[in-house]
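*Asks:* As input, take data.cif (mmCIF, C-alpha atoms):
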```cif
data_entry
#
loop_
_atom_site.label_atom_id
_atom_site.label_comp_id
_atom_site.auth_asym_id
_atom_site.auth_seq_id
_atom_site.Cartn_x
_atom_site.Cartn_y
_atom_site.Cartn_z
CA MET A 1 107.80 80.20 32.89
CA ASN A 2 104.78 81.74 31.31
CA SER A 3 106.11 81.35 27.79
CA ILE A 4 106.79 77.66 28.42
CA VAL A 5 103.29 77.27 29.76
CA ASN A 6 101.89 79.05 26.74
CA THR A 7 103.82 76.97 24.18
CA THR A 8 102.98 73.69 25.86
CA SER A 9 99.34 74.66 26.07
CA ILE A 10 99.33 75.65 22.39
CA ILE A 11 101.00 72.38 21.38
CA THR A 12 98.57 70.41 23.52
CA ILE A 13 95.62 72.14 21.97
CA LEU A 14 96.90 71.60 18.45
CA SER A 15 97.75 67.95 19.00
CA GLU A 16 94.46 67.16 20.63
CA HIS A 17 92.60 68.89 17.87
CA SER A 18 94.40 67.13 15.06
CA SER A 19 93.97 63.63 16.33
CA GLU A 20 90.56 63.65 17.86
CA HIS A 21 88.29 66.28 16.43
CA THR A 22 88.02 65.02 12.84
CA PHE A 23 86.16 62.32 11.01
CA GLY A 24 88.41 59.65 9.68
CA PHE A 25 89.01 56.05 8.91
CA ASN A 26 90.01 53.78 11.73
CA SER A 27 92.12 51.03 10.32
CA ASP A 28 92.38 48.90 13.41
CA ILE A 29 90.56 45.88 12.14
CA PHE A 30 90.52 44.04 15.39
CA GLU A 31 88.96 46.92 17.18
CA ALA A 32 86.44 47.32 14.45
CA ASN A 33 85.48 43.69 14.69
CA VAL A 34 85.32 43.41 10.91
CA ILE A 35 86.19 39.75 10.63
CA ASN A 36 83.52 38.66 13.04
CA ILE A 37 80.98 40.92 11.51
CA LEU A 38 81.72 39.61 8.03
CA LEU A 39 81.45 36.03 9.24
CA LEU A 40 78.21 36.84 10.96
CA LEU A 41 76.84 38.52 7.86
CA PHE A 42 77.65 35.61 5.60
CA GLY A 43 76.25 33.12 8.07
CA LEU A 44 73.09 35.17 8.42
CA ILE A 45 72.61 35.49 4.67
CA TYR A 46 73.13 31.77 4.19
CA VAL A 47 70.67 30.78 6.91
CA LEU A 48 68.10 33.31 5.82
CA LYS A 49 68.37 32.23 2.21
CA GLN A 50 67.71 28.64 3.20
CA SER A 51 64.72 29.22 5.45
CA LEU A 52 63.24 32.27 3.80
CA GLY A 53 63.96 30.83 0.37
CA SER A 54 61.82 27.79 1.01
CA SER A 55 58.98 29.71 2.63
CA LEU A 56 59.07 32.36 -0.08
CA ASN A 57 58.91 29.72 -2.79
CA GLU A 58 56.01 28.09 -0.99
CA ARG A 59 54.28 31.41 -0.80
CA GLN A 60 54.84 32.09 -4.46
CA ALA A 61 53.45 28.66 -5.32
CA LYS A 62 50.44 29.26 -3.11
CA VAL A 63 49.79 32.63 -4.65
CA LEU A 64 50.08 31.13 -8.12
CA ALA A 65 47.71 28.33 -7.18
CA ALA A 66 45.23 30.77 -5.69
CA ILE A 67 45.38 32.97 -8.78
CA GLN A 68 45.00 29.93 -11.03
CA GLU A 69 42.04 28.68 -9.02
CA SER A 70 40.28 31.99 -9.06
CA GLU A 71 40.92 32.35 -12.79
CA ASP A 72 39.44 28.90 -13.35
CA ARG A 73 36.42 29.78 -11.31
CA LEU A 74 36.09 33.01 -13.24
CA GLU A 75 36.17 31.08 -16.50
CA GLN A 76 33.63 28.58 -15.26
CA ALA A 77 31.38 31.27 -13.97
CA SER A 78 31.59 33.25 -17.19
CA SER A 79 30.92 30.18 -19.33
CA ARG A 80 27.95 29.34 -17.17
CA LEU A 81 26.82 32.90 -17.57
CA LEU A 82 27.08 32.62 -21.34
CA GLU A 83 25.13 29.39 -21.34
CA SER A 84 22.38 30.73 -19.18
CA GLU A 85 22.21 33.84 -21.34
CA LYS A 86 21.79 31.65 -24.40
CA GLN A 87 19.10 29.68 -22.62
CA LEU A 88 17.46 32.89 -21.64
CA ALA A 89 17.47 34.03 -25.26
CA GLN A 90 16.01 30.73 -26.40
CA THR A 91 13.36 30.80 -23.75
CA GLN A 92 12.57 34.33 -24.78
CA ILE A 93 12.09 33.18 -28.38
CA ILE A 94 9.84 30.37 -27.24
CA ILE A 95 7.89 32.78 -25.12
CA ASP A 96 7.42 35.05 -28.12
CA GLN A 97 6.29 32.14 -30.23
CA ILE A 98 3.83 31.02 -27.65
CA LYS A 99 2.50 34.53 -27.41
CA LYS A 100 2.07 34.77 -31.15
CA GLU A 101 0.38 31.39 -31.32
CA ALA A 102 -1.87 32.35 -28.49
CA GLN A 103 -2.80 35.52 -30.28
CA LEU A 104 -3.51 33.61 -33.50
CA THR A 105 -5.57 31.06 -31.66
CA ALA A 106 -7.46 33.81 -29.95
CA GLU A 107 -8.13 35.44 -33.29
CA LYS A 108 -9.28 32.18 -34.79
CA VAL A 109 -11.53 31.41 -31.88
CA ARG A 110 -12.94 34.89 -32.05
CA SER A 111 -13.63 34.68 -35.74
CA SER A 112 -15.10 31.19 -35.45
CA ILE A 113 -17.36 32.33 -32.67
CA LEU A 114 -18.40 35.27 -34.77
CA ALA A 115 -19.09 33.02 -37.76
CA GLN A 116 -20.97 30.62 -35.56
CA GLY A 117 -22.99 33.45 -34.22
CA GLN A 118 -23.62 34.66 -37.70
CA LEU A 119 -24.87 31.22 -38.73
CA ASP A 120 -27.03 31.02 -35.70
CA ILE A 121 -28.50 34.39 -36.45
CA GLU A 122 -29.26 33.36 -40.00
CA ARG A 123 -30.79 30.13 -38.89
CA LEU A 124 -32.89 31.90 -36.37
CA ALA A 125 -33.94 34.39 -39.00
CA ILE A 126 -34.91 31.60 -41.41
CA THR A 127 -36.76 29.77 -38.71
CA GLY A 128 -38.49 32.93 -37.80
CA LYS A 129 -39.43 33.60 -41.38
CA SER A 130 -40.69 30.08 -41.89
CA ASN A 131 -42.66 30.32 -38.74
CA ILE A 132 -44.14 33.55 -39.90
CA GLU A 133 -44.98 31.99 -43.29
CA THR A 134 -46.55 29.01 -41.68
CA ALA A 135 -48.54 31.23 -39.46
CA GLU A 136 -49.41 33.36 -42.42
CA LYS A 137 -50.60 30.32 -44.36
CA GLN A 138 -52.51 29.08 -41.46
CA ILE A 139 -54.17 32.37 -40.98
CA ARG A 140 -54.90 32.66 -44.69
CA ARG A 141 -56.42 29.22 -44.63
CA GLN A 142 -58.41 30.15 -41.67
CA ILE A 143 -59.50 33.34 -43.30
CA GLN A 144 -60.33 31.46 -46.46
CA GLN A 145 -62.17 28.93 -44.48
CA GLN A 146 -64.01 31.64 -42.67
CA ILE A 147 -64.82 33.43 -45.87
CA THR A 148 -65.95 30.24 -47.51
CA PHE A 149 -68.02 29.44 -44.51
CA LEU A 150 -69.52 32.87 -44.47
CA ALA A 151 -70.08 32.76 -48.20
CA LEU A 152 -71.68 29.41 -47.98
CA LYS A 153 -73.70 30.54 -45.09
CA LYS A 154 -74.81 33.57 -47.04
CA VAL A 155 -75.61 31.52 -50.01
CA THR A 156 -77.44 29.01 -47.95
CA LEU A 157 -79.39 31.79 -46.36
CA GLN A 158 -80.08 33.31 -49.70
CA LEU A 159 -81.10 30.01 -51.01
CA GLU A 160 -83.23 29.33 -48.07
CA ASN A 161 -84.71 32.74 -48.40
CA GLN A 162 -85.21 32.68 -52.10
CA MET A 163 -85.77 29.00 -52.65
CA SER A 164 -89.28 27.96 -53.61
CA SER A 165 -90.50 24.83 -55.24
CA ASP A 166 -90.69 26.53 -58.62
CA ILE A 167 -87.08 27.59 -58.66
CA GLN A 168 -86.07 24.18 -57.44
CA LEU A 169 -88.02 22.53 -60.34
CA ARG A 170 -86.51 24.87 -62.82
CA ILE A 171 -82.91 24.21 -61.57
CA ILE A 172 -83.52 20.47 -61.82
CA ASP A 173 -84.92 20.80 -65.36
CA ASN A 174 -81.90 22.83 -66.45
CA ASN A 175 -79.49 20.33 -65.10
CA ILE A 176 -81.33 17.45 -66.81
CA ALA A 177 -81.33 19.35 -70.03
CA LYS A 178 -77.52 19.91 -69.71
CA LEU A 179 -77.08 16.31 -68.99
CA GLY A 180 -79.23 15.45 -72.01
CA ASP A 181 -76.99 17.55 -74.24
CA GLN A 182 -73.98 15.75 -73.15
CA LEU A 183 -75.47 12.33 -73.67
CA MET B 1 104.80 73.17 46.57
CA TYR B 2 105.65 71.45 43.39
CA GLN B 3 102.05 70.58 42.54
CA ASN B 4 101.41 74.29 42.15
CA ASN B 5 104.29 74.47 39.72
CA LEU B 6 103.04 71.44 37.90
CA ILE B 7 99.69 73.05 37.37
CA ASP B 8 101.39 76.23 36.30
CA PHE B 9 103.51 74.20 33.91
CA ASN B 10 100.68 72.48 32.08
CA PRO B 11 97.26 73.63 33.08
CA TYR B 12 95.67 71.49 30.39
CA SER B 13 96.76 68.15 31.75
CA CYS B 14 94.36 66.22 33.83
CA LEU B 15 95.66 63.66 36.18
CA SER B 16 92.94 61.08 35.77
CA ALA B 17 89.59 60.70 34.19
CA VAL B 18 86.98 58.01 33.90
CA GLU B 19 84.61 57.88 30.98
CA VAL B 20 82.16 55.24 29.80
CA GLY B 21 81.21 56.56 26.42
CA LYS B 22 80.82 59.83 24.69
CA HIS B 23 78.24 61.22 22.30
CA LEU B 24 78.83 63.26 19.22
CA TYR B 25 77.10 66.47 20.15
CA TRP B 26 75.42 68.71 17.61
CA LYS B 27 74.09 72.04 18.73
CA ILE B 28 70.81 73.43 17.45
CA GLY B 29 69.94 76.65 19.24
CA SER B 30 70.28 75.84 22.87
CA LEU B 31 69.67 72.09 22.42
CA GLN B 32 72.30 69.45 22.10
CA LEU B 33 71.58 66.47 19.88
CA HIS B 34 73.28 63.12 19.82
CA GLY B 35 74.66 63.23 16.33
CA GLN B 36 75.68 59.60 16.05
CA VAL B 37 72.09 58.50 16.71
CA PHE B 38 70.82 60.77 13.99
CA ILE B 39 73.39 59.65 11.45
CA VAL B 40 72.61 55.95 11.80
CA SER B 41 68.87 56.63 12.06
CA TRP B 42 68.94 58.55 8.82
CA LEU B 43 70.79 55.72 7.15
CA VAL B 44 68.26 53.18 8.39
CA ILE B 45 65.36 55.38 7.29
CA ALA B 46 66.93 55.86 3.86
CA ALA B 47 67.44 52.11 3.53
CA LEU B 48 63.83 51.36 4.47
CA LEU B 49 62.48 53.97 2.08
CA THR B 50 64.66 52.69 -0.73
CA ILE B 51 63.59 49.13 -0.20
CA SER B 52 59.92 50.01 -0.09
CA PHE B 53 60.24 52.21 -3.15
CA LEU B 54 62.07 49.55 -5.14
CA GLY B 55 59.73 46.86 -3.99
CA THR B 56 56.62 48.56 -5.26
CA ARG B 57 57.86 49.75 -8.59
CA ASN B 58 56.90 47.08 -10.98
CA LEU B 59 53.96 45.31 -9.44
CA GLN B 60 52.75 42.22 -11.20
CA ARG B 61 49.97 39.77 -10.53
CA ILE B 62 52.28 36.86 -9.98
CA PRO B 63 54.89 38.17 -7.57
CA GLU B 64 58.50 38.01 -8.53
CA LYS B 65 61.18 37.37 -5.95
CA PHE B 66 61.49 40.82 -4.47
CA GLN B 67 57.80 41.59 -4.61
CA ASN B 68 57.13 38.19 -3.10
CA PHE B 69 59.46 38.96 -0.24
CA MET B 70 57.88 42.35 0.36
CA GLU B 71 54.42 40.84 0.35
CA PHE B 72 55.63 38.19 2.79
CA VAL B 73 56.93 40.88 5.14
CA LEU B 74 53.71 42.82 4.78
CA GLU B 75 51.63 39.79 5.62
CA PHE B 76 53.75 39.13 8.66
CA LEU B 77 53.26 42.68 9.90
CA GLN B 78 49.57 42.66 9.14
CA ASP B 79 49.30 39.49 11.18
CA ILE B 80 50.88 41.16 14.18
CA ALA B 81 48.42 44.02 14.00
CA LYS B 82 45.46 41.76 13.24
CA ASN B 83 46.15 39.40 16.12
CA GLN B 84 46.47 42.14 18.66
CA ILE B 85 43.95 44.70 17.55
CA GLY B 86 41.24 42.54 16.07
CA GLU B 87 39.85 41.95 12.63
CA HIS B 88 37.71 45.01 12.28
CA GLU B 89 39.96 47.84 13.29
CA TYR B 90 43.48 46.76 12.59
CA ARG B 91 43.78 48.23 9.12
CA PRO B 92 44.57 51.87 9.99
CA TRP B 93 47.23 50.80 12.47
CA VAL B 94 49.27 48.55 10.18
CA PRO B 95 51.53 51.38 8.96
CA TYR B 96 52.42 52.45 12.48
CA ILE B 97 53.11 48.95 13.78
CA ALA B 98 54.99 48.03 10.64
CA THR B 99 57.16 51.13 10.83
CA LEU B 100 57.92 50.48 14.48
CA PHE B 101 58.96 46.92 13.78
CA LEU B 102 60.99 47.68 10.69
CA PHE B 103 62.69 50.72 12.18
CA ILE B 104 63.66 48.96 15.39
CA LEU B 105 64.77 45.86 13.54
CA GLY B 106 66.70 47.97 11.06
CA CYS B 107 68.40 49.96 13.81
CA ASN B 108 69.31 46.92 15.85
CA TRP B 109 70.61 44.89 12.96
CA ALA B 110 72.42 47.85 11.45
CA GLY B 111 74.13 48.35 14.76
CA ALA B 112 75.12 44.70 14.93
CA LEU B 113 75.97 43.90 11.33
CA ILE B 114 77.73 46.97 9.97
CA PRO B 115 81.32 47.58 11.11
CA TRP B 116 80.72 51.11 12.26
CA LYS B 117 83.97 51.32 14.17
CA LEU B 118 85.82 51.62 10.90
CA ILE B 119 84.58 55.20 10.80
CA HIS B 120 86.27 57.44 13.29
CA LEU B 121 84.19 60.23 14.75
CA PRO B 122 85.58 63.23 16.58
CA GLU B 123 83.67 62.17 19.62
CA GLY B 124 81.74 59.08 20.41
CA GLU B 125 81.15 56.32 17.90
CA LEU B 126 78.48 55.11 15.55
CA ALA B 127 76.31 52.29 16.85
CA ALA B 128 72.70 51.19 16.94
CA PRO B 129 70.46 54.21 17.53
CA THR B 130 68.41 52.18 19.95
CA ASN B 131 71.26 51.98 22.38
CA ASP B 132 70.41 55.56 23.31
CA ILE B 133 67.68 55.88 25.90
CA ASN B 134 66.37 58.94 24.09
CA THR B 135 65.50 56.90 21.00
CA THR B 136 63.69 54.19 22.87
CA VAL B 137 61.83 56.63 25.09
CA ALA B 138 60.80 58.56 21.99
CA LEU B 139 59.45 55.39 20.39
CA SER B 140 57.55 54.36 23.50
CA LEU B 141 56.10 57.82 23.96
CA LEU B 142 54.90 57.57 20.37
CA THR B 143 53.18 54.34 21.32
CA SER B 144 51.62 56.02 24.36
CA LEU B 145 50.35 58.79 22.16
CA ALA B 146 49.09 56.23 19.67
CA TYR B 147 47.04 54.27 22.14
CA PHE B 148 45.63 57.39 23.73
CA TYR B 149 44.64 58.63 20.31
CA ALA B 150 43.11 55.26 19.48
CA GLY B 151 41.06 55.15 22.65
CA LEU B 152 39.93 58.75 22.48
CA SER B 153 39.05 58.70 18.82
CA LYS B 154 37.04 55.54 19.19
CA LYS B 155 35.24 56.24 22.43
CA GLY B 156 35.56 59.97 22.97
CA LEU B 157 35.71 60.97 26.59
CA GLY B 158 34.15 57.64 27.52
CA TYR B 159 37.67 56.30 27.15
CA PHE B 160 38.38 57.45 30.67
CA ALA B 161 35.74 55.10 31.97
CA ARG B 162 38.33 52.43 31.33
CA TYR B 163 40.22 53.58 34.37
CA VAL B 164 37.52 52.41 36.72
CA GLN B 165 36.91 49.15 34.92
CA PRO B 166 36.35 46.50 36.45
CA THR B 167 36.35 48.07 39.92
CA PRO B 168 37.16 51.64 41.00
CA VAL B 169 39.60 50.23 43.52
CA LEU B 170 41.97 49.62 40.62
CA LEU B 171 42.01 53.31 39.62
CA PRO B 172 45.49 54.08 40.99
CA ILE B 173 46.90 50.97 39.32
CA ASN B 174 45.35 51.89 36.00
CA ILE B 175 46.77 55.38 36.21
CA LEU B 176 50.14 53.96 37.13
CA GLU B 177 49.94 51.70 34.08
CA ASP B 178 49.94 54.75 31.85
CA PHE B 179 53.38 55.54 33.14
CA THR B 180 54.79 52.07 33.40
CA LYS B 181 53.82 51.06 29.88
CA PRO B 182 56.15 53.48 28.10
CA LEU B 183 58.74 53.01 30.80
CA SER B 184 58.88 49.27 30.41
CA LEU B 185 58.80 49.42 26.61
CA SER B 186 61.68 51.86 26.44
CA PHE B 187 63.83 50.24 29.05
CA ARG B 188 63.36 46.75 27.69
CA LEU B 189 64.58 47.76 24.26
CA PHE B 190 67.31 50.06 25.51
CA GLY B 191 68.64 47.53 27.99
CA ASN B 192 68.73 44.69 25.51
CA VAL B 193 70.50 46.64 22.79
CA LEU B 194 72.99 48.44 24.98
CA ALA B 195 73.85 45.32 26.96
CA ASP B 196 74.44 43.32 23.82
CA GLU B 197 76.67 46.03 22.42
CA LEU B 198 78.66 46.28 25.61
CA VAL B 199 79.15 42.54 25.87
CA VAL B 200 80.25 42.28 22.25
CA SER B 201 82.70 45.14 22.59
CA VAL B 202 84.14 43.73 25.80
CA PHE B 203 84.58 40.31 24.19
CA THR B 204 86.12 41.92 21.14
CA LEU B 205 88.47 43.85 23.34
CA LEU B 206 89.56 40.67 25.11
CA ILE B 207 89.68 38.08 22.31
CA PRO B 208 88.96 39.59 18.94
CA ILE B 209 88.69 36.49 16.77
CA LEU B 210 85.75 34.10 16.72
CA ILE B 211 84.98 34.11 20.43
CA PRO B 212 82.55 37.05 20.25
CA LEU B 213 80.61 35.25 17.52
CA PRO B 214 78.15 33.30 19.72
CA VAL B 215 77.37 36.47 21.62
CA MET B 216 76.89 38.33 18.37
CA ILE B 217 74.52 35.65 17.11
CA LEU B 218 72.62 35.86 20.37
CA GLY B 219 72.58 39.61 19.98
CA LEU B 220 71.07 39.41 16.49
CA PHE B 221 68.44 36.98 17.64
CA ALA B 222 67.60 38.96 20.78
CA SER B 223 67.40 42.27 18.96
CA SER B 224 64.97 40.90 16.38
CA ILE B 225 62.88 39.45 19.17
CA GLN B 226 62.94 42.85 20.86
CA ALA B 227 61.68 44.52 17.70
CA LEU B 228 58.88 42.00 17.51
CA ILE B 229 58.03 42.45 21.18
CA PHE B 230 58.00 46.21 20.95
CA SER B 231 55.66 46.26 17.97
CA THR B 232 53.45 43.48 19.35
CA LEU B 233 53.10 45.22 22.70
CA SER B 234 52.34 48.52 21.02
CA ALA B 235 49.63 46.83 18.99
CA ALA B 236 48.33 45.16 22.15
CA TYR B 237 48.09 48.48 23.97
CA ILE B 238 46.31 50.02 21.01
CA GLY B 239 43.92 47.11 20.83
CA GLU B 240 43.31 47.25 24.54
CA ALA B 241 42.52 50.94 24.37
CA MET B 242 40.04 50.37 21.55
CA GLU B 243 38.20 47.35 22.82
CA GLY B 244 34.65 47.95 23.86
CA HIS B 245 32.74 46.27 26.63
CA GLY B 246 30.29 44.85 24.17
CA GLU B 247 32.81 42.80 22.27
CA GLU B 248 34.79 39.75 23.24
#
```
What would you get if you wrote out this structure as structure tokens?

*Replies:*
Amino acid sequence: MNSIVNTTSIITILSEHSSEHTFGFNSDIFEANVINILLLLFGLIYVLKQSLGSSLNERQAKVLAAIQESEDRLEQASSRLLESEKQLAQTQIIIDQIKKEAQLTAEKVRSSILAQGQLDIERLAITGKSNIETAEKQIRRQIQQQITFLALKKVTLQLENQMSSDIQLRIIDNNIAKLGDQL
Amino acid sequence: MYQNNLIDFNPYSCLSAVEVGKHLYWKIGSLQLHGQVFIVSWLVIAALLTISFLGTRNLQRIPEKFQNFMEFVLEFLQDIAKNQIGEHEYRPWVPYIATLFLFILGCNWAGALIPWKLIHLPEGELAAPTNDINTTVALSLLTSLAYFYAGLSKKGLGYFARYVQPTPVLLPINILEDFTKPLSLSFRLFGNVLADELVVSVFTLLIPILIPLPVMILGLFASSIQALIFSTLSAAYIGEAMEGHGEE
């Protein structure tokens, strides 16, 4: 009895082990639901391709458009930048020119003012000199006049002092004699 | 009398047994892991990594088809985060929300669209990883952790003032919310995925050709909605934890 029990138990163990405790391939297609799954897969791929395809294409177009737009704006902005840089350079040149001209004008004005001042100084000097000369002349004349006056006065005094009727008669006789010589 | 003999004859026979489903158990130390969940999860993770690697290889200004698709997906995910969390703070959370969405969607659709039953496992069978309550609870606990981290890192300990907003009477409800949020998230996802799988397998068992298709289509649709809901709700919880009283 025991040996029968042992052999049956051994056989049971071996059979159970061989059929159930391994990995393997189950070829019962119906149980594995392969047909339905394949149908489902194809249906899913088809539907997804349709819907996702259109939205993906839209998205790609949108992205392209956005990239294009931003590139355009970049170009515009950079061209505007170039232009304004050029304008800046031009304005800079004009500014330099104006500065130079202003400097020149300032120089000219300075030199003209100096020259003017020079002329004025000379004129003033001449006027001063002429004034001095005039004054000098006047004073000389006055002095001369004074001297003459004094001299005359002295002479008159001398004459008055020294004049007598004799001297007077003599002077008159001399003069008549001179006159007679001439005639 | 004879039943004793019967048992003596074949002690390894059992007279009856009922089982709903089995897991493929892997032992690490004293823990047992559900191997089938890990296998499919690894496959989904590998697929996601491959796609993201391939999608970012040759980046050009004008996107080609694959890059266009990836950017489309990214915009969609960013929108989810932006709408829930707000314009100023959504950026750091986009990776988390995006990974949640893509992982859950990948798991659910992998479970529904790949004929896993062709592969025979010693125990259990391969299916969507999210049909295991452990997966969904793990994901929702991650979300719990995430919104706690968000609240604490933004407000410090003042985050706990939220529990008595607007009135302290609501304190027990607010505390309860911290438990019901992960609970509802996990159970919603788990229930949807497992139920869909069960219905599809029962239909397949009964009438294998064409009849399960409407249910499978519904399952695909519902599982993608569930992925969206999970990630949107996670983002909403994160946004709610971060919002201040001064804003909005």

*Asks:* Give as a PyMOL selection string the residues that the PyMOL selection byres ((chain B) within 9 of (chain A)) matches when applied to the coordinates above.

*Replies:* chain B and resi 8-13+61-65+68-69+72+112-123+201+204-205+208-213+216-217

*Asks:* For B:Val37, find every residue with an atom within 9 Å (counting all atoms listed in the file), except residues of its own chain fewer than 5 positions away, and show them as a list in words.

*Replies:*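 What passes the distance filter is His23, Leu24, Trp42, Leu126, Ala127, Ala128, Pro129, Thr130, Asn131, Asp132 and Thr135 of chain B.
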
*Asks:* Would you list the contacts of stretch 98-105 of chain B as a ChimeraX atom specification, taking every protein, DNA or RNA residue within 8 Å and counting only C-alpha atoms, but skipping same-chain residues closer than 6 positions in sequence?

*Replies:* /B:44-45,48,74,77-78,130,139,223-224,227-228,230-231

*Asks:* Please produce an output containing C-alpha atoms for each residue in the selection, written as a tab-separated table (two decimals), in the frame of the given file.

*Replies:*
```
chain	number	residue	atom	x	y	z
B	44	VAL	CA	68.26	53.18	8.39
B	45	ILE	CA	65.36	55.38	7.29
B	48	LEU	CA	63.83	51.36	4.47
B	74	LEU	CA	53.71	42.82	4.78
B	77	LEU	CA	53.26	42.68	9.90
B	78	GLN	CA	49.57	42.66	9.14
B	130	THR	CA	68.41	52.18	19.95
B	139	LEU	CA	59.45	55.39	20.39
B	223	SER	CA	67.40	42.27	18.96
B	224	SER	CA	64.97	40.90	16.38
B	227	ALA	CA	61.68	44.52	17.70
B	228	LEU	CA	58.88	42.00	17.51
B	230	PHE	CA	58.00	46.21	20.95
B	231	SER	CA	55.66	46.26	17.97
```

*Asks:* Hey, can you check how far atom CA of B:Thr232 sits from atom CA of A:Ala66?

*Replies:* 29.3 Å

*Asks:* Could you tell me how far atom CA of B:Cys107 lies from atom CA of B:Glu89, in Å and to one decimal?

*Replies:*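 Pair atom CA of B:Cys107 / atom CA of B:Glu89 returns 28.5 Å.
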
*Asks:* At what distance in Å, to one decimal, does atom CA of A:Arg170 lie from atom CA of A:Gln182?

*Replies:* 18.6 Å

*Asks:* Extending 5 Å beyond the listed atoms of stretch 182-186 of chain B on each side, what axis-aligned box results? I want centre and edge lengths in Å to one decimal, as lines of an AutoDock Vina configuration file.

*Replies:*
```
center_x = 58.9
center_y = 51.4
center_z = 28.6
size_x = 15.5
size_y = 14.2
size_z = 14.4
```

*Asks:* Using the chain letters and numbers from this file, what does the PyMOL selection byres ((chain B and resi 188) around 12) select? Give the answer as a compact mmCIF listing (two decimals) with C-alpha atoms, keeping the file's coordinate frame.

*Replies:*
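Heads up, here's the output in out_31.txt:
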```
# COMPACT_ATOMS: atom_id res chain seq x y z
CA THR B 130 68.41 52.18 19.95
CA ASN B 131 71.26 51.98 22.38
CA ILE B 133 67.68 55.88 25.90
CA THR B 136 63.69 54.19 22.87
CA VAL B 137 61.83 56.63 25.09
CA LEU B 139 59.45 55.39 20.39
CA SER B 140 57.55 54.36 23.50
CA THR B 180 54.79 52.07 33.40
CA LYS B 181 53.82 51.06 29.88
CA PRO B 182 56.15 53.48 28.10
CA LEU B 183 58.74 53.01 30.80
CA SER B 184 58.88 49.27 30.41
CA LEU B 185 58.80 49.42 26.61
CA SER B 186 61.68 51.86 26.44
CA PHE B 187 63.83 50.24 29.05
CA LEU B 189 64.58 47.76 24.26
CA PHE B 190 67.31 50.06 25.51
CA GLY B 191 68.64 47.53 27.99
CA ASN B 192 68.73 44.69 25.51
CA VAL B 193 70.50 46.64 22.79
CA LEU B 194 72.99 48.44 24.98
CA ALA B 195 73.85 45.32 26.96
CA ALA B 222 67.60 38.96 20.78
CA SER B 223 67.40 42.27 18.96
CA ILE B 225 62.88 39.45 19.17
CA GLN B 226 62.94 42.85 20.86
CA ALA B 227 61.68 44.52 17.70
CA ILE B 229 58.03 42.45 21.18
CA PHE B 230 58.00 46.21 20.95
CA LEU B 233 53.10 45.22 22.70
```

*Asks:* With N, CA, C and O atoms as the target, complete stretch 229-238 of chain B and hand it back as a PDB file, in the coordinates of the input.

*Replies:*
```pdb
ATOM      1  N   ILE B 229      58.746  42.218  19.927  1.00  0.00           N
ATOM      2  CA  ILE B 229      58.030  42.450  21.180  1.00  0.00           C
ATOM      3  C   ILE B 229      57.533  43.875  21.267  1.00  0.00           C
ATOM      4  O   ILE B 229      56.391  44.125  21.660  1.00  0.00           O
ATOM      5  N   PHE B 230      58.409  44.810  20.875  1.00  0.00           N
ATOM      6  CA  PHE B 230      58.000  46.210  20.950  1.00  0.00           C
ATOM      7  C   PHE B 230      56.772  46.457  20.100  1.00  0.00           C
ATOM      8  O   PHE B 230      55.768  47.042  20.555  1.00  0.00           O
ATOM      9  N   SER B 231      56.799  45.985  18.847  1.00  0.00           N
ATOM     10  CA  SER B 231      55.660  46.260  17.970  1.00  0.00           C
ATOM     11  C   SER B 231      54.425  45.494  18.419  1.00  0.00           C
ATOM     12  O   SER B 231      53.310  46.024  18.381  1.00  0.00           O
ATOM     13  N   THR B 232      54.610  44.242  18.897  1.00  0.00           N
ATOM     14  CA  THR B 232      53.450  43.480  19.350  1.00  0.00           C
ATOM     15  C   THR B 232      52.808  44.147  20.569  1.00  0.00           C
ATOM     16  O   THR B 232      51.586  44.256  20.659  1.00  0.00           O
ATOM     17  N   LEU B 233      53.659  44.577  21.516  1.00  0.00           N
ATOM     18  CA  LEU B 233      53.100  45.220  22.700  1.00  0.00           C
ATOM     19  C   LEU B 233      52.411  46.531  22.349  1.00  0.00           C
ATOM     20  O   LEU B 233      51.350  46.849  22.901  1.00  0.00           O
ATOM     21  N   SER B 234      53.005  47.283  21.434  1.00  0.00           N
ATOM     22  CA  SER B 234      52.340  48.520  21.020  1.00  0.00           C
ATOM     23  C   SER B 234      50.973  48.208  20.449  1.00  0.00           C
ATOM     24  O   SER B 234      49.983  48.863  20.782  1.00  0.00           O
ATOM     25  N   ALA B 235      50.919  47.190  19.575  1.00  0.00           N
ATOM     26  CA  ALA B 235      49.630  46.830  18.990  1.00  0.00           C
ATOM     27  C   ALA B 235      48.677  46.369  20.072  1.00  0.00           C
ATOM     28  O   ALA B 235      47.474  46.677  20.034  1.00  0.00           O
ATOM     29  N   ALA B 236      49.196  45.638  21.076  1.00  0.00           N
ATOM     30  CA  ALA B 236      48.330  45.160  22.150  1.00  0.00           C
ATOM     31  C   ALA B 236      47.770  46.322  22.945  1.00  0.00           C
ATOM     32  O   ALA B 236      46.583  46.326  23.293  1.00  0.00           O
ATOM     33  N   TYR B 237      48.597  47.331  23.222  1.00  0.00           N
ATOM     34  CA  TYR B 237      48.090  48.480  23.970  1.00  0.00           C
ATOM     35  C   TYR B 237      47.040  49.219  23.159  1.00  0.00           C
ATOM     36  O   TYR B 237      46.017  49.658  23.695  1.00  0.00           O
ATOM     37  N   ILE B 238      47.292  49.346  21.855  1.00  0.00           N
ATOM     38  CA  ILE B 238      46.310  50.020  21.010  1.00  0.00           C
ATOM     39  C   ILE B 238      45.001  49.239  20.995  1.00  0.00           C
ATOM     40  O   ILE B 238      43.914  49.808  21.143  1.00  0.00           O
TER      41      ILE B 238
END
```
